[in-house]
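A quick write-up on the structure given underneath.
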Amino acid sequence: MKTRMKMREQAANERIKNFNEVALGYNEEEAVEEAARCLQCKTAPCKHGCPAQVLIPEFILKIKEKDFAKAYEILKEKNNLPAVCGRVCPQETQCEEKCVLGKKGEPIAIGRLERFAADYGIKNKLDKAEKTGNGKKVAVVGGGPAGITCAADLAKLGHEVHLFEALHKPGGVMIYGIPEFRLPKSIVGYEIDSIEKLGVKIYPNALFGKDRNLKDLKEQGFDALFIGSGAGLPRYMNLEGEELNSCYSANEFLTRINLLKAYEFPRFKTPVYTGKKTIVVGGGNVAMDAARCAKRLGAEVAVIYRRTEKEMPARVEEVHHAKEEGIEFNFLCNPVKYIGDENGYVKKAVIEKMKLGEPDKSGRRRPVATGEFFEIEADSVVVAIGNKPNPLIPQSISELKTTDWGTIEVGEDFMTSVEGIFAGGDITTGAATVIEAIGAGKQAASSIDEFLKNGKSL
Amino acid sequence: MKRNEILEKKLLTDGSVYFKLHAPEIAKNAFAGNFLIVITHEGSERIPLTIMEYQDDWVSIVVKPVGFSTQEMVKLEEGEAFHGVLGPLGQKMHIVENQTVLMVAGGVGIAPVIPQLEELKKHNNHVIVIHGGREKDAILFEKRVNDVADEYIICTDDGSYGEMGLVTDIMEKELAEHDIDLVITIGPLIMMKYVSLLSKKHNIKTMASLNSIMLDGTGMCGSCRVEYDGEVKFACVDGPDMDAHKIDFDVLIKRNSRFKEQEDSVRL
């Protein structure tokens, strides 16, 4: 078989009316059939494509053998968030890109199989409580993928871990950013529960640097600190009209909808407003999420991206889904200002046409202004052009070295300039993916364990 | 004792509610000018509220029930706990020493004025407080302010208590009589706007405490952004106390009614 097993999905015309998950997952027969395509290469190139080093051929073999429980166990050995990763990892540029099958046909559907095995584990409640805690005491700041992974791995190694999360629910971008229809919050909740079962103590509404500081942690006997506070600060384009009432950062728009469930307003009390037409500026996964959310809230949606489809950083699958859902794409376009009505809401956007010039540092061809403008009527705008690192924590520990970009500097062992303080994820790399943050959290956990084993502490 | 448990609840004359909460980490780290994000129940909005007092293991806030979320908040009783309280957030107040400071409060804005007033007195300032309200019932914490302030003038729109007139009318008189070094204003945006216009005319540095619409309160969402001297600033991390003369109040006033239609649709 050169082609992979298709995954069932909610039909586009149905799913734009709800926030339920779009991809429906494999059933047992489909999973076994897909798993059977795996060549079980000795060299397993797929593993080298995985930042979390998941034992890919091994878990796939167990699915083929219909030992789904064992497949789940193998997955969990390396990755604490397999149901999340099976859904949101860009496998096509990681594990699946390395798959030998991909040379002559389609690579094995590693992500879909991961999702299948993880969901099986969740459905059958295969996670056991295993509290150890005869080791050292570690504080983790930030309950996103990096922090959760680091906390879980350290707990598995026997350390007492306390995780401090600023929002009222842990999960970071998996809770406030990625929408329900791509990553159901019940799945994230389950994976976080399984981490609490390992003995990790999670404190929501706890903001390191504000309600506790390094001195407090030392007094409370913490031996090490991991910072995974993420990329938080939204970027704007500094355009006229960005101050208008219905102009949002993607962070704000998505947080209203995902964390605060504005799509169930007034049952949930946080409102959101799109009007009849929403413009989303940007071409990444966050832009696709914002566009597809706006669509589900009943708006017509136009994505404005300054390069062409080829340069879009969003996953092909996301763009494909967005198109299926009737989202309009305007490539080689860049907003220059927004015009408001008398009450301060967006009325229209002025857009400049762009063309591609020479490649820039990222290797993508740079968009160049043409001086040609047009207008689009719109009631709301979502600016999804990226985030900057949140300076709160670097500010609260003055000895912590940061880069010119505001990210925290770390060595190969993820230790910062302060002994005993480690950092990983977006706060060290700038905005990246869930799996890269997981990979960083994992490696940091093993460095922290090493550090503690050597009898060192904060 | 539960986290965020209500230790004391008092109904004030203007319908606002005073809450004293068990919050040891917040109390330990709070300072005048800081604020909290308060979540009443799971599923409630995240509401920013400036801290009034902070001591030992408790903090206090005053909530005026004006919309659904604040109405929901004031229903909680002693012994119950808020679903979530995050803080202390934002910058500390702007502190000066040995100066003459004019504080202009409107309505429940007097509650966050109190810790700033006390702090200013610790730093040897001469502090004049003007507190304006619609009517007599809107004048809160009168004795408390009177005990600390060097001069204290109350005014009401209808003249039912104190002097009759707006805070800016009184302010004008005070500016004529005193050499004021700093103005601090806390209250409705429209009041702060006019206080700021007046102090600008007299060229006196002015700090306004902003209460924009917020979600996370940590700089992540940008909902609270303020047009500030041609730059974008966030009230949650750069404020809440900001240089009033740099703030575009007209934009802020519009932005603070962003979700008015939705909010009105769920009023209790």
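Each chain in the structure tokens gets a letter, A, B and so on, in the order shown; residues start at 1 in every chain, and ligands are counted from 1 in the order they appear.
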Which chain A residues have any atom within 6 Å of an atom of chain B, and for each, what is the nearest pair of atoms with distance in Å to one decimal, counting only C-alpha atoms, rows sorted by chain and number, as a tab-separated table?
```
residue	atom	partner	partner_atom	distance
A:Asn205	CA	B:Leu86	CA	5.0
A:Lys210	CA	B:Pro88	CA	6.0
A:Asp211	CA	B:Glu25	CA	5.4
A:Gly232	CA	B:Met220	CA	4.7
A:Leu233	CA	B:Met220	CA	4.7
A:Asn245	CA	B:Arg255	CA	5.2
A:Asn251	CA	B:Cys221	CA	5.1
A:Glu252	CA	B:Cys221	CA	4.4
A:Phe268	CA	B:Gly43	CA	5.1
A:Lys269	CA	B:Ser44	CA	5.2
A:Thr270	CA	B:Glu45	CA	5.2
```
Among segment 169-303 of chain A, which residues carry a DSSP assignment of alpha helix (DSSP H), reported as a PyMOL selection string? chain A and resi 173-176+185-197+214-219+250-254+285-296
Excluding same-chain residues fewer than 4 positions from Asp238 of chain B, what lies within 8 Å of it counting only C-alpha atoms, as JSON, numbers by chain? {"B": [90, 91, 233, 234, 242]}
Residues within 8 Å of Gly33 of chain B, please, as a ChimeraX atom specification. Count only C-alpha atoms; anything in the same chain fewer than 2 positions from it doesn't count. /B:31,35,50-51,90-93,112,115-116,209,240-241
Take the residues from that selection and put them in a file with all heavy atoms, as a compact mmCIF listing (two decimals), in the first residue's frame.
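The resulting part-v9.txt:
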```txt
# COMPACT_ATOMS: atom_id res chain seq x y z
N PHE B 31 1.67 45.89 46.96
CA PHE B 31 2.02 47.26 47.27
C PHE B 31 0.93 48.16 46.69
O PHE B 31 0.25 47.79 45.74
CB PHE B 31 3.39 47.61 46.66
CG PHE B 31 3.98 48.86 47.24
CD1 PHE B 31 4.63 48.84 48.46
CD2 PHE B 31 3.87 50.08 46.57
CE1 PHE B 31 5.17 50.00 49.02
CE2 PHE B 31 4.40 51.25 47.12
CZ PHE B 31 5.05 51.21 48.34
N PHE B 35 -2.91 45.52 41.41
CA PHE B 35 -4.30 45.05 41.25
C PHE B 35 -4.36 43.52 41.21
O PHE B 35 -3.32 42.85 41.20
CB PHE B 35 -4.94 45.66 40.01
CG PHE B 35 -4.41 45.13 38.70
CD1 PHE B 35 -5.07 44.11 38.02
CD2 PHE B 35 -3.25 45.65 38.13
CE1 PHE B 35 -4.58 43.62 36.81
CE2 PHE B 35 -2.75 45.17 36.92
CZ PHE B 35 -3.43 44.15 36.27
N THR B 50 -8.49 46.81 41.67
CA THR B 50 -7.31 47.34 42.37
C THR B 50 -7.40 46.98 43.86
O THR B 50 -8.48 46.97 44.45
CB THR B 50 -7.24 48.86 42.18
OG1 THR B 50 -7.39 49.12 40.80
CG2 THR B 50 -5.91 49.40 42.65
N ILE B 51 -6.25 46.67 44.44
CA ILE B 51 -6.19 46.28 45.85
C ILE B 51 -6.42 47.51 46.73
O ILE B 51 -5.88 48.57 46.47
CB ILE B 51 -4.81 45.66 46.16
CG1 ILE B 51 -4.60 44.39 45.32
CG2 ILE B 51 -4.68 45.36 47.66
CD1 ILE B 51 -3.19 43.83 45.40
N GLY B 90 0.71 44.33 38.05
CA GLY B 90 0.99 45.70 37.64
C GLY B 90 2.10 46.34 38.45
O GLY B 90 2.71 45.72 39.33
N GLN B 91 2.37 47.59 38.09
CA GLN B 91 3.45 48.34 38.74
C GLN B 91 2.97 48.91 40.07
O GLN B 91 1.79 49.12 40.27
CB GLN B 91 3.89 49.49 37.83
CG GLN B 91 4.38 49.05 36.46
CD GLN B 91 5.66 48.24 36.54
OE1 GLN B 91 6.51 48.49 37.39
NE2 GLN B 91 5.79 47.25 35.67
N LYS B 92 3.93 49.19 40.93
CA LYS B 92 3.61 49.89 42.17
C LYS B 92 3.27 51.34 41.85
O LYS B 92 3.63 51.85 40.79
CB LYS B 92 4.83 49.86 43.09
CG LYS B 92 5.18 48.46 43.53
CD LYS B 92 6.50 48.44 44.29
CE LYS B 92 6.81 47.01 44.70
NZ LYS B 92 8.11 46.87 45.33
N MET B 93 2.63 52.00 42.80
CA MET B 93 2.29 53.41 42.60
C MET B 93 3.56 54.27 42.43
O MET B 93 4.65 53.85 42.80
CB MET B 93 1.51 53.94 43.81
CG MET B 93 2.38 54.04 45.06
SD MET B 93 1.56 54.83 46.46
CE MET B 93 1.51 56.53 45.95
N PRO B 112 -9.08 52.40 46.13
CA PRO B 112 -7.65 52.30 45.80
C PRO B 112 -6.84 53.56 46.10
O PRO B 112 -5.62 53.51 46.08
CB PRO B 112 -7.65 51.99 44.30
CG PRO B 112 -8.98 52.38 43.80
CD PRO B 112 -9.93 52.24 44.93
N PRO B 115 -4.71 53.19 49.99
CA PRO B 115 -3.34 52.72 50.22
C PRO B 115 -2.30 53.70 49.67
O PRO B 115 -1.21 53.83 50.23
CB PRO B 115 -3.28 51.38 49.47
CG PRO B 115 -4.41 51.41 48.50
CD PRO B 115 -5.48 52.25 49.14
N GLN B 116 -2.63 54.38 48.57
CA GLN B 116 -1.68 55.35 48.00
C GLN B 116 -1.55 56.55 48.93
O GLN B 116 -0.45 57.07 49.14
CB GLN B 116 -2.14 55.79 46.60
CG GLN B 116 -2.23 54.64 45.61
CD GLN B 116 -1.94 55.07 44.17
OE1 GLN B 116 -1.52 56.18 43.91
NE2 GLN B 116 -2.16 54.16 43.23
N SER B 209 -4.99 55.96 37.39
CA SER B 209 -5.04 54.51 37.57
C SER B 209 -6.05 53.93 36.59
O SER B 209 -7.24 54.21 36.69
CB SER B 209 -5.42 54.17 39.01
OG SER B 209 -5.58 52.78 39.14
N PRO B 240 -1.08 49.66 36.44
CA PRO B 240 -2.24 50.46 36.03
C PRO B 240 -2.04 51.96 36.19
O PRO B 240 -2.72 52.73 35.54
CB PRO B 240 -3.36 49.97 36.95
CG PRO B 240 -2.68 49.37 38.13
CD PRO B 240 -1.37 48.86 37.66
N ASP B 241 -1.11 52.41 37.05
CA ASP B 241 -0.90 53.85 37.20
C ASP B 241 0.00 54.33 36.08
O ASP B 241 1.13 53.85 35.94
CB ASP B 241 -0.24 54.15 38.55
CG ASP B 241 -1.19 53.89 39.71
OD1 ASP B 241 -2.29 53.35 39.47
OD2 ASP B 241 -0.85 54.22 40.85
```
Can you pull out every residue within 8 Å of Phe141 of chain B, counting only C-alpha atoms, but drop anything in the same chain fewer than 3 positions away, and send it as a PyMOL selection string? chain B and resi 110-111+144-145
Got a sec: who's within 6 Å of Pro204 of chain A, counting only C-alpha atoms, leaving out chain neighbours fewer than 6 positions off, as an mmCIF file with C-alpha atoms, in the first residue's frame?
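For reference, part21.cif as written:
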```
data_model
loop_
_atom_site.group_PDB
_atom_site.id
_atom_site.type_symbol
_atom_site.label_atom_id
_atom_site.label_comp_id
_atom_site.auth_asym_id
_atom_site.auth_seq_id
_atom_site.Cartn_x
_atom_site.Cartn_y
_atom_site.Cartn_z
ATOM 1 C CA GLU A 165 0.671 28.391 36.448
ATOM 2 C CA HIS A 168 -6.660 29.630 36.267
ATOM 3 C CA LYS A 169 -6.180 26.430 34.250
#
```
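Residues in contact with Ile61 of chain B at 7 Å, where only C-alpha atoms are counted and same-chain residues fewer than 3 positions away are skipped, are listed as Tyr18, Phe19, Lys20, Leu49, Thr50, Ile51 and Met52 of chain B.
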From a backbone DSSP assignment, name each residue in segment 247-294 of chain A labelled strand (DSSP E or B), as a ChimeraX atom specification. /A:247-249,277-281
Resulting file, chosen residues, N, CA, C and O atoms, as a compact mmCIF listing (two decimals), in the first residue's frame:
```txt
# COMPACT_ATOMS: atom_id res chain seq x y z
N CYS A 247 -10.46 45.25 17.04
CA CYS A 247 -9.18 44.76 16.56
C CYS A 247 -8.51 44.00 17.71
O CYS A 247 -8.28 44.57 18.78
N TYR A 248 -8.25 42.72 17.49
CA TYR A 248 -7.70 41.87 18.54
C TYR A 248 -6.31 41.39 18.18
O TYR A 248 -6.00 41.19 17.01
N SER A 249 -5.51 41.10 19.20
CA SER A 249 -4.35 40.26 18.96
C SER A 249 -4.89 38.83 18.87
O SER A 249 -5.96 38.54 19.43
N LYS A 277 -17.97 40.16 9.25
CA LYS A 277 -16.77 39.80 8.51
C LYS A 277 -15.52 40.03 9.35
O LYS A 277 -15.36 41.10 9.95
N THR A 278 -14.67 39.03 9.38
CA THR A 278 -13.42 39.13 10.14
C THR A 278 -12.23 39.01 9.19
O THR A 278 -12.24 38.16 8.30
N ILE A 279 -11.25 39.86 9.42
CA ILE A 279 -9.99 39.76 8.69
C ILE A 279 -8.95 39.19 9.65
O ILE A 279 -8.84 39.65 10.79
N VAL A 280 -8.21 38.18 9.20
CA VAL A 280 -7.14 37.64 10.02
C VAL A 280 -5.82 37.94 9.30
O VAL A 280 -5.66 37.58 8.13
N VAL A 281 -4.91 38.59 10.00
CA VAL A 281 -3.64 38.97 9.39
C VAL A 281 -2.55 38.00 9.84
O VAL A 281 -2.29 37.88 11.04
```
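Interatomic distance, atom CA of Ile385 of chain A against atom CA of Asp289 of chain A: 12.6 Å.
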Mind pulling up the distance from atom CA of Gly326 of chain A to atom CA of Gly177 of chain A? 21.7 Å
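Checking A:Asp379, A:Glu21, A:Glu309, A:Asp223 one by one against Ile421 of chain A, counting only C-alpha atoms, you find the shortest gap at A:Asp223.
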